[in-house]
$ cat my_file36.txt   # compact mmCIF, C-alpha atoms
# COMPACT_ATOMS: atom_id res chain seq x y z
CA MET A 1 21.48 -4.46 -8.12
CA THR A 2 20.41 -6.36 -4.98
CA LEU A 3 17.12 -5.55 -3.22
CA ALA A 4 19.06 -3.99 -0.33
CA GLY A 5 20.90 -1.77 -2.82
CA MET A 6 17.65 -0.65 -4.41
CA VAL A 7 16.23 0.17 -0.98
CA VAL A 8 19.20 2.38 -0.11
CA ALA A 9 19.16 4.02 -3.55
CA SER A 10 15.45 4.80 -3.38
CA LEU A 11 15.76 6.45 0.03
CA MET A 12 18.78 8.47 -1.14
CA LEU A 13 16.95 9.68 -4.23
CA VAL A 14 13.93 10.82 -2.28
CA GLY A 15 15.76 12.12 0.75
CA PRO A 16 17.33 15.41 -0.46
CA ALA A 17 15.37 18.63 -0.10
CA VAL A 18 13.65 20.19 -3.09
CA GLY A 19 14.13 23.95 -3.11
CA PHE A 20 14.43 25.94 0.11
CA ALA A 21 13.30 24.60 3.47
CA GLN A 22 9.92 26.23 3.98
CA GLU A 23 6.94 25.30 6.13
CA PRO A 24 4.52 23.21 4.03
CA ALA A 25 1.16 24.87 3.54
CA PRO A 26 -1.68 23.61 5.77
CA LEU A 27 -4.28 21.41 4.11
CA PRO A 28 -8.11 21.37 4.24
CA LEU A 29 -9.62 19.37 7.09
CA TRP A 30 -11.74 17.56 4.51
CA GLU A 31 -12.16 17.47 0.77
CA PHE A 32 -14.05 15.45 -1.81
CA GLY A 33 -14.04 15.00 -5.56
CA VAL A 34 -13.44 12.41 -8.27
CA PHE A 35 -10.36 10.52 -9.37
CA GLY A 36 -9.37 8.52 -12.39
CA MET A 37 -6.89 5.70 -12.01
CA ALA A 38 -4.94 3.49 -14.41
CA VAL A 39 -2.99 0.66 -12.73
CA SER A 40 -0.98 -2.28 -13.97
CA GLN A 41 -0.99 -4.70 -11.03
CA GLN A 42 1.02 -7.84 -10.44
CA VAL A 43 -1.61 -10.44 -9.54
CA TYR A 44 0.32 -11.53 -6.42
CA PRO A 45 4.01 -11.57 -5.43
CA GLY A 46 5.67 -14.15 -7.65
CA ALA A 47 3.02 -14.06 -10.39
CA SER A 48 4.13 -13.72 -14.00
CA GLN A 49 0.98 -11.89 -15.10
CA GLN A 50 -0.30 -8.34 -14.73
CA LEU A 51 -3.89 -7.15 -14.42
CA GLN A 52 -4.98 -3.78 -15.79
CA ARG A 53 -7.33 -1.58 -13.77
CA ASN A 54 -8.96 1.59 -15.14
CA LEU A 55 -11.42 3.26 -12.78
CA LEU A 56 -13.29 6.52 -12.29
CA LEU A 57 -14.53 6.90 -8.72
CA PRO A 58 -15.45 9.51 -6.10
CA TYR A 59 -12.98 10.17 -3.30
CA VAL A 60 -13.11 11.60 0.21
CA VAL A 61 -10.21 12.82 2.38
CA TYR A 62 -10.53 13.68 6.08
CA ARG A 63 -7.52 14.82 8.12
CA GLY A 64 -8.83 14.79 11.68
CA GLU A 65 -6.63 14.54 14.75
CA TRP A 66 -8.09 11.13 15.67
CA PHE A 67 -9.94 9.98 12.56
CA ARG A 68 -8.40 10.02 9.08
CA VAL A 69 -9.38 8.93 5.58
CA ASP A 70 -6.70 9.20 2.87
CA ARG A 71 -4.85 7.12 0.26
CA SER A 72 -3.55 4.84 3.04
CA GLY A 73 -7.08 3.82 4.03
CA VAL A 74 -9.34 4.56 7.00
CA GLU A 75 -7.65 5.08 10.37
CA LEU A 76 -8.28 5.84 14.01
CA ARG A 77 -5.08 7.45 15.27
CA LYS A 78 -3.69 8.05 18.77
CA SER A 79 -0.45 9.76 19.76
CA LEU A 80 1.58 7.74 22.29
CA GLY A 81 4.29 10.38 22.64
CA PRO A 82 6.08 13.11 20.70
CA ASN A 83 7.44 10.64 18.12
CA VAL A 84 5.14 7.60 18.31
CA GLU A 85 1.64 7.11 16.90
CA LEU A 86 -0.73 4.16 17.07
CA ASP A 87 -3.50 3.75 14.53
CA LEU A 88 -6.22 1.22 13.86
CA GLY A 89 -6.66 1.05 10.11
CA LEU A 90 -8.63 -0.47 7.26
CA ALA A 91 -7.27 -0.94 3.73
CA ALA A 92 -8.26 -2.97 0.68
CA ALA A 93 -6.57 -4.71 -2.26
CA PHE A 94 -8.01 -5.72 -5.64
CA GLY A 95 -8.83 -9.37 -6.28
CA ALA A 96 -8.36 -11.50 -9.40
CA SER A 97 -10.29 -14.24 -11.14
CA SER A 98 -8.28 -17.43 -11.54
CA ASP A 99 -9.63 -17.66 -15.09
CA ASP A 100 -7.41 -14.66 -15.88
CA VAL A 101 -4.28 -16.16 -14.29
CA GLU A 102 -2.69 -19.00 -16.22
CA ALA A 103 -0.87 -20.45 -13.20
CA ARG A 104 -4.14 -20.65 -11.21
CA GLN A 105 -6.46 -22.07 -13.89
CA GLY A 106 -9.12 -24.21 -12.19
CA MET A 107 -8.24 -22.98 -8.69
CA PRO A 108 -10.29 -20.69 -6.39
CA ASP A 109 -10.27 -16.99 -7.23
CA LEU A 110 -8.16 -14.52 -5.29
CA GLY A 111 -10.88 -12.30 -3.85
CA THR A 112 -10.91 -8.64 -2.89
CA PHE A 113 -9.01 -8.57 0.41
CA VAL A 114 -9.60 -6.13 3.27
CA GLU A 115 -6.90 -5.72 5.91
CA PHE A 116 -7.80 -4.49 9.40
CA GLY A 117 -5.63 -4.02 12.47
CA PRO A 118 -3.17 -1.87 14.44
CA ARG A 119 -0.05 -0.10 13.21
CA ILE A 120 2.69 1.73 15.13
CA ARG A 121 4.62 4.58 13.45
CA TRP A 122 7.79 5.84 15.10
CA THR A 123 9.36 9.04 13.76
CA LEU A 124 13.12 8.45 13.67
CA HIS A 125 14.09 11.80 12.17
CA GLU A 126 12.37 15.01 11.08
CA GLY A 127 14.64 17.32 9.10
CA ALA A 128 14.76 21.07 8.61
CA ASP A 129 13.33 20.53 5.11
CA HIS A 130 10.24 18.91 6.75
CA GLY A 131 11.16 15.48 5.50
CA ARG A 132 10.25 12.70 7.89
CA LEU A 133 11.82 9.25 8.31
CA ARG A 134 9.67 6.68 10.08
CA ALA A 135 9.77 3.07 11.19
CA VAL A 136 6.37 1.48 10.72
CA LEU A 137 5.08 -1.83 12.07
CA GLY A 138 1.62 -3.05 11.09
CA LEU A 139 -0.23 -6.22 12.10
CA ARG A 140 -3.48 -6.85 10.25
CA GLY A 141 -6.05 -9.55 9.74
CA VAL A 142 -7.00 -10.32 6.13
CA LEU A 143 -10.65 -10.85 5.17
CA ASP A 144 -12.09 -11.77 1.78
CA VAL A 145 -14.94 -9.39 0.93
CA THR A 146 -16.05 -11.56 -2.00
CA ASP A 147 -16.30 -14.68 0.21
CA HIS A 148 -18.56 -13.52 3.06
CA LEU A 149 -15.61 -11.91 4.91
CA ARG A 150 -13.86 -15.26 5.27
CA ASP A 151 -10.73 -15.06 7.42
CA LYS A 152 -7.65 -15.45 5.21
CA GLY A 153 -4.99 -15.08 7.89
CA MET A 154 -2.69 -12.43 9.35
CA VAL A 155 0.00 -10.23 7.87
CA LEU A 156 2.90 -8.47 9.61
CA GLU A 157 4.52 -5.59 7.69
CA PRO A 158 7.60 -3.80 9.06
CA GLN A 159 8.63 -0.79 6.96
CA LEU A 160 11.11 2.06 6.78
CA ALA A 161 9.44 5.08 5.14
CA TYR A 162 10.50 8.59 4.12
CA GLU A 163 8.04 11.30 3.10
CA ARG A 164 8.08 15.01 2.41
CA ARG A 165 5.53 17.63 1.44
CA THR A 166 6.91 20.93 0.09
CA SER A 167 5.45 24.41 0.39
CA GLY A 168 4.59 24.24 -3.33
CA GLY A 169 2.32 21.23 -2.86
CA LEU A 170 4.70 18.54 -4.12
CA HIS A 171 4.35 15.38 -2.05
CA TYR A 172 6.66 12.39 -2.38
CA SER A 173 7.54 9.31 -0.40
CA ALA A 174 9.56 6.11 -0.52
CA SER A 175 9.35 3.00 1.61
CA ALA A 176 11.05 -0.36 1.99
CA GLY A 177 9.70 -3.27 3.94
CA LEU A 178 8.82 -6.92 4.37
CA LEU A 179 5.49 -8.70 4.01
CA ILE A 180 5.22 -11.64 6.43
CA GLY A 181 2.14 -13.87 6.46
CA ASP A 182 0.89 -16.75 8.54
CA GLU A 183 0.19 -20.21 7.10
CA ARG A 184 -3.44 -19.39 6.20
CA LEU A 185 -2.48 -16.39 4.10
CA ALA A 186 0.42 -18.26 2.52
CA ASP A 187 -1.93 -21.11 1.62
CA THR A 188 -4.38 -18.66 0.00
CA LEU A 189 -1.64 -17.27 -2.23
CA TYR A 190 0.67 -20.24 -2.83
CA GLY A 191 -0.94 -23.48 -1.67
CA VAL A 192 -2.05 -26.09 -4.21
CA ALA A 193 -4.42 -28.70 -2.77
CA PRO A 194 -4.10 -32.21 -4.27
CA ARG A 195 -7.43 -31.83 -6.08
CA TYR A 196 -6.01 -28.82 -7.99
CA ALA A 197 -2.78 -30.56 -9.00
CA THR A 198 -2.17 -31.06 -12.72
CA PRO A 199 0.65 -32.60 -14.80
CA THR A 200 2.27 -29.14 -14.87
CA ARG A 201 1.27 -28.00 -11.36
CA ASN A 202 2.28 -30.16 -8.41
CA SER A 203 0.42 -30.08 -5.12
CA TYR A 204 2.09 -27.82 -2.60
CA ALA A 205 1.66 -27.18 1.14
CA ALA A 206 2.39 -23.51 1.78
CA LYS A 207 4.34 -22.34 4.83
CA GLY A 208 3.97 -19.23 6.93
CA GLY A 209 6.86 -16.75 6.79
CA LEU A 210 8.24 -14.14 4.42
CA ILE A 211 5.90 -13.53 1.49
CA ALA A 212 7.82 -10.73 -0.23
CA SER A 213 10.30 -7.91 0.17
CA ARG A 214 9.05 -4.66 -1.31
CA ILE A 215 10.00 -1.11 -2.11
CA SER A 216 7.54 1.64 -3.05
CA LEU A 217 7.78 5.13 -4.52
CA TYR A 218 5.01 7.74 -4.71
CA VAL A 219 4.85 11.34 -5.93
CA SER A 220 1.99 13.79 -6.43
CA LYS A 221 1.93 17.33 -7.80
CA PRO A 222 -0.76 19.98 -8.38
CA LEU A 223 -1.39 20.82 -12.04
CA ALA A 224 -4.05 23.53 -11.59
CA PRO A 225 -6.43 24.67 -8.84
CA GLY A 226 -8.31 21.56 -7.74
CA LEU A 227 -6.43 19.26 -10.15
CA ARG A 228 -3.59 16.97 -9.01
CA ILE A 229 -1.60 14.24 -10.72
CA ALA A 230 0.03 11.38 -8.84
CA GLY A 231 2.05 8.33 -9.73
CA GLY A 232 3.34 5.36 -7.83
CA ALA A 233 5.36 2.19 -8.27
CA ARG A 234 5.95 -0.84 -6.08
CA MET A 235 8.37 -3.69 -6.64
CA ASP A 236 7.89 -7.03 -4.88
CA SER A 237 10.59 -9.71 -4.69
CA VAL A 238 10.06 -13.29 -3.53
CA ALA A 239 13.79 -14.05 -3.43
CA GLY A 240 14.37 -15.93 -0.19
CA ALA A 241 10.62 -16.05 0.59
CA ALA A 242 9.11 -18.98 2.45
CA ASN A 243 7.16 -20.21 -0.58
CA GLN A 244 9.56 -19.43 -3.40
CA ASP A 245 9.33 -23.10 -4.46
CA SER A 246 5.54 -23.03 -4.94
CA PRO A 247 4.47 -23.93 -8.51
CA LEU A 248 2.41 -20.71 -8.42
CA VAL A 249 5.64 -18.65 -8.17
CA GLN A 250 6.82 -18.04 -11.72
CA LYS A 251 8.75 -14.79 -11.39
CA THR A 252 11.15 -13.59 -8.70
CA THR A 253 10.41 -9.87 -9.02
CA GLY A 254 7.40 -7.96 -10.27
CA ALA A 255 6.07 -4.43 -10.30
CA THR A 256 2.77 -2.63 -9.79
CA VAL A 257 2.57 0.87 -11.28
CA GLY A 258 -0.22 3.41 -11.35
CA LEU A 259 -1.19 6.90 -12.42
CA TRP A 260 -3.95 8.98 -10.80
CA LEU A 261 -5.70 12.24 -11.61
CA THR A 262 -7.84 13.80 -8.89
CA TYR A 263 -10.21 16.73 -9.18
CA THR A 264 -11.47 18.41 -6.00
CA LEU A 265 -15.12 19.44 -6.08
CA GLY A 266 -15.32 20.80 -2.53
CA LYS A 267 -13.12 21.34 0.51
CA SER A 268 -13.14 22.64 4.05
CA GLU A 269 -12.21 26.22 4.88
CA ILE A 270 -10.65 24.88 8.09
CA LEU A 271 -6.95 24.14 7.54
CA VAL A 272 -4.81 21.66 9.46
CA ARG A 273 -1.19 20.46 9.46
CA ASP A 274 -0.88 17.04 7.90
$ encode --input "my_file36.txt" --output "structure tokens"
Amino acid sequence: MTLAGMVVASLMLVGPAVGFAQEPAPLPLWEFGVFGMAVSQQVYPGASQQLQRNLLLPYVVYRGEWFRVDRSGVELRKSLGPNVELDLGLAAAFGASSDDVEARQGMPDLGTFVEFGPRIRWTLHEGADHGRLRAVLGLRGVLDVTDHLRDKGMVLEPQLAYERRTSGGLHYSASAGLLIGDERLADTLYGVAPRYATPTRNSYAAKGGLIASRISLYVSKPLAPGLRIAGGARMDSVAGAANQDSPLVQKTTGATVGLWLTYTLGKSEILVRD
């Protein structure tokens, strides 16, 4: 199946209503607790290797009208109209040591990246089952936390996203989009300077442009009071990408999958609509 076909299929699978159309229950303004996470992560789009992450960490959620902290990151949000929102957000991605990545042996590590910048979300449709289809456009600068916040470039990410939260607490979403980076970011991921060239790895000058096409799926469900399970999957494809010919690209498609368990230790008595 082509990437476009998978995009359409994923949105069709997630789109139909589950049960009767009822108003989703309001959620606590804030909550905190602990979560355990097991993730198998593709090192970068085009990599042939996976990295395993198993973590146990505290978590905080805040659902304010202007300020929000959730699984998407940290955001300042402003409504520009009945269907358009602007937010200024912060999100992070795991890094990887080049010693653990065969294709990058002897090259600089891929650090822990933080992305910061604006994003516009336009609600295209909101159904009677409280499902919501949105067009999302984010523009963010990329900084390397492990390298004194060194500037690694800019990323543009247009997306089409569908999400729904049912009255029973089931939350699910699907998205399809493009990851477009400037030359600095492309060089960080795919460039090979002459000093890092080997008999099996030619030097390569990376170009700005399409980094990857991606689709994502996410679902979460309560198991017991205070206990919730969630799972997610993302597939990245470098087919047709600007740096598909880089010697660091060894696989056209790759997946990142994860499973989370969260346990809420405390929450607000004030309830809000998400």
$ closest_residue --input "my_file36.txt" --among "A:Met37, A:Ala103, A:Val69, A:Met235" --to "Ala91 in chain A" --atoms "all atoms listed in the file"
A:Val69
$ residues_around --input "my_file36.txt" --residues "Gly64 in chain A" --least-positions-apart "6" --cutoff "10 Å" --atoms "only C-alpha atoms" --output "PyMOL selection string"
chain A and resi 28-30+75-77+272-274
$ closest_residue --input "my_file36.txt" --among "A:Ala92, A:Val155, A:Leu139, A:Ala47" --to "Gln250 in chain A" --atoms "only C-alpha atoms"
A:Ala47
$ closest_residue --input "my_file36.txt" --among "A:Ile180, A:Ala224, A:Leu137, A:Val257" --to "Leu86 in chain A" --atoms "all atoms listed in the file"
A:Leu137
$ residues_near_point --input "my_file36.txt" --point "(-12.6, -10.0, -4.8)" --cutoff "9 Å" --atoms "all atoms listed in the file" --output "ChimeraX atom specification"
/A:93-97,109-113,144-147
$ residues_around --input "my_file36.txt" --residues "Gly191 in chain A" --least-positions-apart "2" --cutoff "12 Å" --atoms "only C-alpha atoms" --output "PyMOL selection string"
chain A and resi 103-104+107-108+183-189+193-197+201-208+242-249
$ atom_distance --input "my_file36.txt" --atom1 "CA of Ser216 in chain A" --atom2 "CA of Lys78 in chain A"
25.4 Å
$ residues_near_point --input "my_file36.txt" --point "(-12.5, 17.8, 5.8)" --cutoff "12 Å" --atoms "all atoms listed in the file" --output "JSON, numbers by chain"
{"A": [27, 28, 29, 30, 31, 32, 33, 59, 60, 61, 62, 63, 64, 65, 67, 68, 69, 70, 264, 266, 267, 268, 269, 270, 271, 272, 274]}
$ write_last_selection --input "my_file36.txt" --atoms "C-alpha atoms" --output "compact mmCIF listing (two decimals), in the coordinates of the input"
# COMPACT_ATOMS: atom_id res chain seq x y z
CA LEU A 27 -4.28 21.41 4.11
CA PRO A 28 -8.11 21.37 4.24
CA LEU A 29 -9.62 19.37 7.09
CA TRP A 30 -11.74 17.56 4.51
CA GLU A 31 -12.16 17.47 0.77
CA PHE A 32 -14.05 15.45 -1.81
CA GLY A 33 -14.04 15.00 -5.56
CA TYR A 59 -12.98 10.17 -3.30
CA VAL A 60 -13.11 11.60 0.21
CA VAL A 61 -10.21 12.82 2.38
CA TYR A 62 -10.53 13.68 6.08
CA ARG A 63 -7.52 14.82 8.12
CA GLY A 64 -8.83 14.79 11.68
CA GLU A 65 -6.63 14.54 14.75
CA PHE A 67 -9.94 9.98 12.56
CA ARG A 68 -8.40 10.02 9.08
CA VAL A 69 -9.38 8.93 5.58
CA ASP A 70 -6.70 9.20 2.87
CA THR A 264 -11.47 18.41 -6.00
CA GLY A 266 -15.32 20.80 -2.53
CA LYS A 267 -13.12 21.34 0.51
CA SER A 268 -13.14 22.64 4.05
CA GLU A 269 -12.21 26.22 4.88
CA ILE A 270 -10.65 24.88 8.09
CA LEU A 271 -6.95 24.14 7.54
CA VAL A 272 -4.81 21.66 9.46
CA ASP A 274 -0.88 17.04 7.90
$ atom_distance --input "my_file36.txt" --atom1 "CA of Gly138 in chain A" --atom2 "CA of Gln159 in chain A"
8.4 Å
$ atom_distance --input "my_file36.txt" --atom1 "CA of Ala241 in chain A" --atom2 "CA of Tyr172 in chain A"
28.9 Å
$ closest_residue --input "my_file36.txt" --among "A:Val219, A:Ile211, A:Leu261, A:Ala233" --to "Pro45 in chain A" --atoms "all atoms listed in the file"
A:Ile211
$ closest_residue --input "my_file36.txt" --among "A:His130, A:Val192, A:Arg234, A:Arg214" --to "Leu160 in chain A" --atoms "only C-alpha atoms"
A:Arg214
$ closest_residue --input "my_file36.txt" --among "A:Met154, A:Ala255, A:Ala176, A:Leu265" --to "Leu51 in chain A" --atoms "only C-alpha atoms"
A:Ala255
$ residues_around --input "my_file36.txt" --residues "Val34 in chain A" --least-positions-apart "2" --cutoff "6 Å" --atoms "all atoms listed in the file" --output "ChimeraX atom specification"
/A:57-59,262-263
$ residues_around --input "my_file36.txt" --residues "Thr123 in chain A" --least-positions-apart "3" --cutoff "7 Å" --atoms "only C-alpha atoms" --output "ChimeraX atom specification"
/A:83-84,132-135
